[in-house]
Structures are given as structure tokens and as C-alpha cells.
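Structure, as C-alpha cells:
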Amino acid sequence: MLYKHSNNYTVESVTSGHPDKICDQISDAILDAYLTLDGKSRIAVETFGGHGKLVIGGEVTSKGKVDYVKIAREIYKEIGYDDELEVSAHIVTQSPDIAIGVDAGGAGDQGIMYGYATNETSEFLPKGVVLAHKLAKRLEEARKNGEIKWLRPDGKTQVTYANGKLQTVLVSAQHTPEVKLKEIKKEIIEKIINPLLSSSEKKIVKILINPTGKFVTGGFLADTGLTGRKIMVDTYGGIIPHGGGCFSGKDATKVDRSGAYMARYVAKNLVAGGYGKEALVSVAYAIGLKKPLMIKAVNEKGEDLEKIVRQNFDFRPLAIIERLGLRNPIFRQTATYGHFGKENSPWEKIEKIK
């Protein structure tokens with residue numbers, strides 16, 4: 001299998017105030033709250049919100065007790081919203097049929113996970129993915145520090161590359177009713193976009209800002225949100241495959257999350273270790289079984305790296321949890337601006353491969 005990502009692609013990111021990301025943050029905040037009380041908690045929490053209502057559902061097995069409603073309201077306010085939400089929670093214990101396999105150290109689900117890394121940026125991610133996240137994060141920073149006073153929490157960014165060069169930057173930013181589009185464009189270009197572009201990129205890039213001309217109503221007032229609906233934003237922007245499972249709200253016995261984190265960890269270490277300019281790692285599990293059904297790794301030349309991976313990395317769920325410290329409450333930080341490329345994440349550590 002040969003893999004090399006295309007020089008022609010479009011990727012997006014969203015701000016913390018996007019409806020789907022509100023739900024991701026609430027789900028991961030609940031996960032962290034449980035792990036703080038009981039590191040062996042098993043959590044699968046989904047959040048759905050929209051138009052004044054928020055519903056939290058899922059399965060939890062833990063020695064801890066958590067106030068779902070309080071956490072949801074605190075996160076919502078922290079993000080920057082002040083409208084009232086009617087919050088309800090519907091939580092049961094994990095299915096005993098699933099628990100049988102997990103209790104024995106097996107995978108919490110079947111599935112396929114992918115991990116990827118490239119040496120084209122210091123984050124070991126494609127430059128478009130990095131730029132889209134930086135643009136979205138700048139929107140939040142400029143709002144919270146008062147640099148742009150008319151900004152509101154909801155927003156999206158998108159970048160397009162053609163032949164490896166930045167072609168288009170798109171920013172959709174929620175704003176107060178009184179501000180004019182002319183001012184919005186001026187401030188977004190000067191304070192959000194230009195500081196992140198090189199001088200050569202500024203000369204050729206096409207910029208689109210709030211293409212409809214108006215973005216006053218946002219968040220749950222404008223749209224519904226759901227945990228796990230931004231999996232491409234969370235990973236590699238759709239440039240490489242995604243196994244299908246989301247991450248947020250799931251503890252590390254769910255290999256949707258831990259397997260994908262481990263695959264990223266391995267891919268990054270392969271590239272950092274000089275085994276390729278790019279690396280794609282794939283792994284597959286069967287529910288209840290400890291050993292993965294498949295481990296594959298390849299670089300951009302098509303060279304098979306599976307033997308190196310198997311000699312250096314253990315993909316059994318409990319081994320992943322131990323190696324990456326995934327019983328710690330570290331997941332809220334992953335719920336915005338991508339799960340990969342952040343230095344303080346344990347799956348981003350670079351270690352020597354023997």
C-alpha cells in the first residue's frame with residue numbers, strides 16, 4: 001500500500017463555540033470529571049443540543065458521582081454563551097455483554113483506526129490542517145481578549161491548497177448585529193488572517209469572509225450540535241482515511257479513541273525516527289480481544305514498516321492506556337482545534353525507536 005497525501009486539498013476547522021464542538025467539550029469534560037474521581041471509569045457519553053435544550057446520554061461505570069447538568073452549564077458559559085439551556089441526562093451502566101471482554105483487558109469495540117504524520121510542519125501534520133486550526137483558534141483568542149469586540153463564539157475556517165500552495169482562505173465569524181461587513185472583513189484580514197500568512201502567501205491568496213454577508217445568530221440558537229460530528233476536524237481534515245469512530249466522551253478502553261491515539265503516536269515516531277517523510281499506520285480490533293486483528297504501517301515510498309512497529313509498540317488496549325497515561329483527566333483539551341499536534345499530549349511525545 002502506497003500512501004502520500006495530495007498537494008490539492010481543502011480542510012476546515014471550527015471554533016469552540018460551534019454547536020458540535022460545544023457537545024464535544026461537554027462530553028469530554030464529563031469524562032475528565034469521572035477520571036478525576038476514578039481512573040478506571042468506563043465512559044461513553046454523547047451530548048446533543050439545540051434551540052434551548054441539551055440532552056446527555058450514554059453509559060457509565062464508575063465509583064465516582066458526577067453532576068452532568070452542572071458541568072454542562074459551566075462549559076457552555078465558559079465557551080461564551082449566556083442563554084439558558086434546559087438540560088436532561090439519561091445515563092445507564094455499561095452493557096454487561098461488553099463488560100465481559102473489557103474486564104479481561106480486551107478492546108471495548110471492534111473497528112479500524114488510522115494514524116498519520118508528515119514532516120512538512122513542526123506539528124508533524126499537513127500545513128493546511130495546522131493553518132485551519134490556527135485561524136479558528138485566533139478567532140477565539142481575539143474574542144476572549146477583547147481584541148475584536150464584535151466577535152461571538154461560533155465560527156468556522158477553511159483553507160484550500162492547489163499544487164502545494166495556499167489558494168483560498170475562508171473565515172465565517174459570528175458577530176454582533178451592529179457591525180458592518182466592511183469592518184468585519186478589515187479586522188479579520190488584519191488581525192486573524194495576515195499574521196498567520198507568509199509575505200508570498202498574502203500576495204496570491206483569495207480571501208472569503210462571511211460569504212452570506214451576515215452571521216449574527218450562532219451556536220444552539222442557530223443550529224443543533226452533536227458529539228462526534230466533527231471527526232475530520234478532530235483528525236487529519238479528510239486528507240487521510242478515518243476509521244469512523246469519534247473520540248470525545250469515550251474513555252480509553254474504547255479503541256476508537258485509544259487505538260487512534262496510538263496509531264498517531266507510532267506514525268509520528270516513525271517520521272521523527274527517519275523512517276519516512278510521511279507515515280500511515282492502521283490498526284483493527286475485535287470487541288473483547290486483546291490483540292489487534294491487523295497492524296499495518298507504510299511510508300510515502302510504499303515501504304512496509306510493520307515489522308519495526310511490532311518490535312517497538314504494543315497495541316493491546318491496556319498497554320496503550322499504560323504507555324500513554326490514558327487514565328488521567330486530560331481529554332477536555334482535545335475537544336477543540338484537533339486531537340493531534342499539541343505538544344502536551346502524551347501521544348505527541350517523540351521517543352527513540354530501536
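If you're wondering about the labels, chains in the C-alpha cells are A, B, ... by order shown, residues count from 1 in each chain, ligands from 1 in order shown.
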
| request: Among the residues of region 208-353 of chain A, find those DSSP assigns to strand (DSSP E) from the backbone and print them as a PyMOL selection string. | output: chain A and resi 208-209+225-226+278-285+294-299

| message | Need to verify the contact set: region 289-302 of chain A, 10 Å, only C-alpha atoms, exclusion of same-chain residues closer than 5 positions in sequence. Can you return it as a VMD selection string? | response | chain A and resid 1 to 5 101 to 102 104 to 118 259 263 266 to 267 270 to 271 275 to 284 307 to 310 314 to 319

Keeping N, CA and C atoms, export the residues of the selection given above as a compact mmCIF listing (two decimals), in the first residue's frame.
```
# COMPACT_ATOMS: atom_id res chain seq x y z
N MET A 1 0.85 -1.20 0.00
CA MET A 1 0.00 0.00 0.00
C MET A 1 0.88 1.24 0.00
N LEU A 2 0.74 2.07 -1.00
CA LEU A 2 1.50 3.32 -1.10
C LEU A 2 0.63 4.46 -0.60
N TYR A 3 1.22 5.33 0.23
CA TYR A 3 0.43 6.47 0.68
C TYR A 3 1.25 7.75 0.64
N LYS A 4 0.69 8.75 0.01
CA LYS A 4 1.27 10.10 0.03
C LYS A 4 0.11 11.06 -0.18
N HIS A 5 -0.06 12.00 0.75
CA HIS A 5 -1.23 12.87 0.63
C HIS A 5 -1.07 13.85 -0.52
N GLY A 101 -15.70 -8.65 27.95
CA GLY A 101 -14.43 -8.57 27.23
C GLY A 101 -13.51 -7.50 27.77
N VAL A 102 -14.08 -6.35 28.15
CA VAL A 102 -13.26 -5.25 28.65
C VAL A 102 -12.63 -5.60 29.99
N ALA A 104 -11.50 -8.30 30.91
CA ALA A 104 -10.35 -9.18 30.67
C ALA A 104 -9.22 -8.47 29.92
N GLY A 105 -9.38 -7.16 29.71
CA GLY A 105 -8.34 -6.39 29.02
C GLY A 105 -8.51 -6.31 27.53
N GLY A 106 -9.67 -6.72 27.03
CA GLY A 106 -9.91 -6.69 25.60
C GLY A 106 -10.40 -5.33 25.12
N ALA A 107 -10.50 -5.21 23.81
CA ALA A 107 -10.97 -3.96 23.20
C ALA A 107 -12.44 -3.73 23.52
N GLY A 108 -12.80 -2.47 23.75
CA GLY A 108 -14.17 -2.13 24.07
C GLY A 108 -15.10 -2.09 22.88
N ASP A 109 -14.54 -2.29 21.69
CA ASP A 109 -15.36 -2.31 20.49
C ASP A 109 -14.53 -2.84 19.34
N GLN A 110 -15.19 -3.22 18.26
CA GLN A 110 -14.48 -3.53 17.03
C GLN A 110 -14.23 -2.23 16.29
N GLY A 111 -13.41 -2.27 15.25
CA GLY A 111 -13.22 -1.07 14.45
C GLY A 111 -11.84 -0.97 13.85
N ILE A 112 -11.69 0.05 13.00
CA ILE A 112 -10.44 0.33 12.31
C ILE A 112 -10.01 1.75 12.67
N MET A 113 -8.73 1.94 13.00
CA MET A 113 -8.22 3.26 13.36
C MET A 113 -6.99 3.57 12.50
N TYR A 114 -6.78 4.84 12.24
CA TYR A 114 -5.64 5.28 11.44
C TYR A 114 -4.86 6.36 12.18
N GLY A 115 -3.56 6.34 11.96
CA GLY A 115 -2.70 7.39 12.48
C GLY A 115 -1.78 7.86 11.38
N TYR A 116 -1.48 9.15 11.38
CA TYR A 116 -0.71 9.72 10.27
C TYR A 116 0.24 10.79 10.79
N ALA A 117 1.36 10.95 10.10
CA ALA A 117 2.29 12.03 10.41
C ALA A 117 3.06 12.40 9.14
N THR A 118 3.45 13.65 9.05
CA THR A 118 4.26 14.14 7.94
C THR A 118 5.29 15.12 8.49
N GLY A 259 -6.90 3.53 20.24
CA GLY A 259 -6.23 2.97 19.07
C GLY A 259 -5.79 4.05 18.10
N ALA A 263 -2.00 4.98 17.11
CA ALA A 263 -1.59 4.98 15.71
C ALA A 263 -0.92 6.31 15.34
N VAL A 266 2.59 6.31 16.95
CA VAL A 266 3.52 5.47 16.19
C VAL A 266 3.92 6.15 14.89
N ALA A 267 2.95 6.70 14.17
CA ALA A 267 3.25 7.37 12.90
C ALA A 267 4.21 8.53 13.10
N LEU A 270 7.66 7.24 13.80
CA LEU A 270 8.29 6.71 12.59
C LEU A 270 8.89 7.83 11.75
N VAL A 271 8.15 8.91 11.57
CA VAL A 271 8.67 10.04 10.80
C VAL A 271 9.83 10.72 11.54
N TYR A 275 12.13 7.13 9.32
CA TYR A 275 11.65 6.01 8.52
C TYR A 275 10.79 6.44 7.34
N GLY A 276 10.60 7.73 7.19
CA GLY A 276 9.84 8.25 6.06
C GLY A 276 9.51 9.71 6.26
N LYS A 277 9.20 10.39 5.17
CA LYS A 277 8.72 11.77 5.27
C LYS A 277 7.26 11.80 5.71
N GLU A 278 6.55 10.72 5.38
CA GLU A 278 5.17 10.53 5.81
C GLU A 278 5.01 9.10 6.29
N ALA A 279 4.09 8.90 7.22
CA ALA A 279 3.79 7.54 7.67
C ALA A 279 2.31 7.41 7.94
N LEU A 280 1.74 6.30 7.49
CA LEU A 280 0.35 5.97 7.75
C LEU A 280 0.30 4.63 8.48
N VAL A 281 -0.33 4.63 9.66
CA VAL A 281 -0.45 3.43 10.47
C VAL A 281 -1.92 3.08 10.59
N SER A 282 -2.25 1.81 10.40
CA SER A 282 -3.64 1.38 10.54
C SER A 282 -3.69 0.17 11.47
N VAL A 283 -4.76 0.10 12.26
CA VAL A 283 -4.93 -0.99 13.22
C VAL A 283 -6.41 -1.36 13.29
N ALA A 284 -6.70 -2.64 13.50
CA ALA A 284 -8.09 -3.10 13.59
C ALA A 284 -8.25 -4.00 14.81
N LYS A 307 7.06 -4.48 10.59
CA LYS A 307 7.98 -5.19 11.48
C LYS A 307 8.57 -4.24 12.53
N ILE A 308 8.96 -3.06 12.11
CA ILE A 308 9.51 -2.07 13.03
C ILE A 308 8.48 -1.68 14.07
N VAL A 309 7.23 -1.51 13.63
CA VAL A 309 6.15 -1.13 14.54
C VAL A 309 5.92 -2.22 15.58
N ARG A 310 5.83 -3.45 15.14
CA ARG A 310 5.55 -4.56 16.06
C ARG A 310 6.69 -4.77 17.07
N ASP A 314 3.27 -1.79 21.48
CA ASP A 314 2.28 -2.77 21.91
C ASP A 314 0.89 -2.15 21.76
N PHE A 315 0.07 -2.72 20.90
CA PHE A 315 -1.25 -2.17 20.60
C PHE A 315 -2.38 -2.80 21.40
N ARG A 316 -2.07 -3.61 22.40
CA ARG A 316 -3.13 -4.12 23.25
C ARG A 316 -3.73 -2.96 24.05
N PRO A 317 -5.04 -2.89 24.22
CA PRO A 317 -5.67 -1.73 24.85
C PRO A 317 -5.06 -1.32 26.19
N LEU A 318 -4.84 -2.26 27.10
CA LEU A 318 -4.29 -1.90 28.41
C LEU A 318 -2.85 -1.42 28.29
N ALA A 319 -2.10 -1.95 27.33
CA ALA A 319 -0.73 -1.50 27.10
C ALA A 319 -0.72 -0.05 26.58
```

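For the choices A:Asn210, A:Gln158, A:Ser13, A:Gln333, the atom-to-atom distance to Val233 (chain A) is smallest for A:Ser13 when using only C-alpha atoms.
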
Select from region 252-346 of chain A every residue with an atom at most 9 Å from any atom of region 21-24 of chain A, then for each give the shortest pair of atoms and their distance in Å to one decimal, using only C-alpha atoms, rows by chain and rising number, as a Markdown table.
```
| residue | atom | partner | partner_atom | distance |
| --- | --- | --- | --- | --- |
| A:Arg332 | CA | A:Asp24 | CA | 8.5 |
| A:Ala335 | CA | A:Asp24 | CA | 5.7 |
| A:Thr336 | CA | A:Lys21 | CA | 6.7 |
```

For the residues in the current selection, export C-alpha atoms as an mmCIF file, in the first residue's frame.
```
data_model
loop_
_atom_site.group_PDB
_atom_site.id
_atom_site.type_symbol
_atom_site.label_atom_id
_atom_site.label_comp_id
_atom_site.auth_asym_id
_atom_site.auth_seq_id
_atom_site.Cartn_x
_atom_site.Cartn_y
_atom_site.Cartn_z
ATOM 1 C CA ARG A 332 -11.109 18.257 27.636
ATOM 2 C CA ALA A 335 -12.105 18.679 22.226
ATOM 3 C CA THR A 336 -11.166 21.820 20.266
#
```

| Contacts of region 323-327 of chain A within 9 Å, only C-alpha atoms, excl. fewer than 4 positions in-chain, as an NGL selection string | :A and (35-36 or 38-41 or 251-252 or 258 or 261-262 or 314 or 318-319 or 331 or 345-347)

| Residue list (alpha helix (DSSP H), DSSP) for region 46-131 of chain A, as number ranges by chain | A: 68-79, 96-103, 127-131

| task | Tell me which protein, DNA and RNA residues are within 8 Å of Gln167 (chain A), counting only C-alpha atoms, leaving out same-chain ones fewer than 3 positions away, and put them as a PyMOL selection string. | result | chain A and resi 159-162+204-206

| Which of A:Thr235, A:Asn328, A:Asn119, A:Thr15 sits closest to Gly274 (chain A) [using only C-alpha atoms] | A:Asn119

| request: Excluding region 176-190 of chain A and residues on its chain fewer than 2 positions from it, collect all residues at most 8 Å away from it, counting only C-alpha atoms, and give them as a ChimeraX atom specification. | output: /A:148,150-152,174,192-195,209,213-214,216

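Each of A:Ser62, A:Ser248, A:Gly341, A:Leu85 was compared to Val45 (chain A) using only C-alpha atoms, and A:Ser248 turns out to be the nearest.
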
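CA of Asp234 (chain A) is positioned 8.5 Å from CA of Cys246 (chain A).
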
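Computed from the coordinates, the CA of Thr224 (chain A) to CA of Pro19 (chain A) distance equals 6.0 Å.
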
| Atom-to-atom span, CA of Leu135 (chain A) and CA of Gly49 (chain A), Å | 25.2 Å
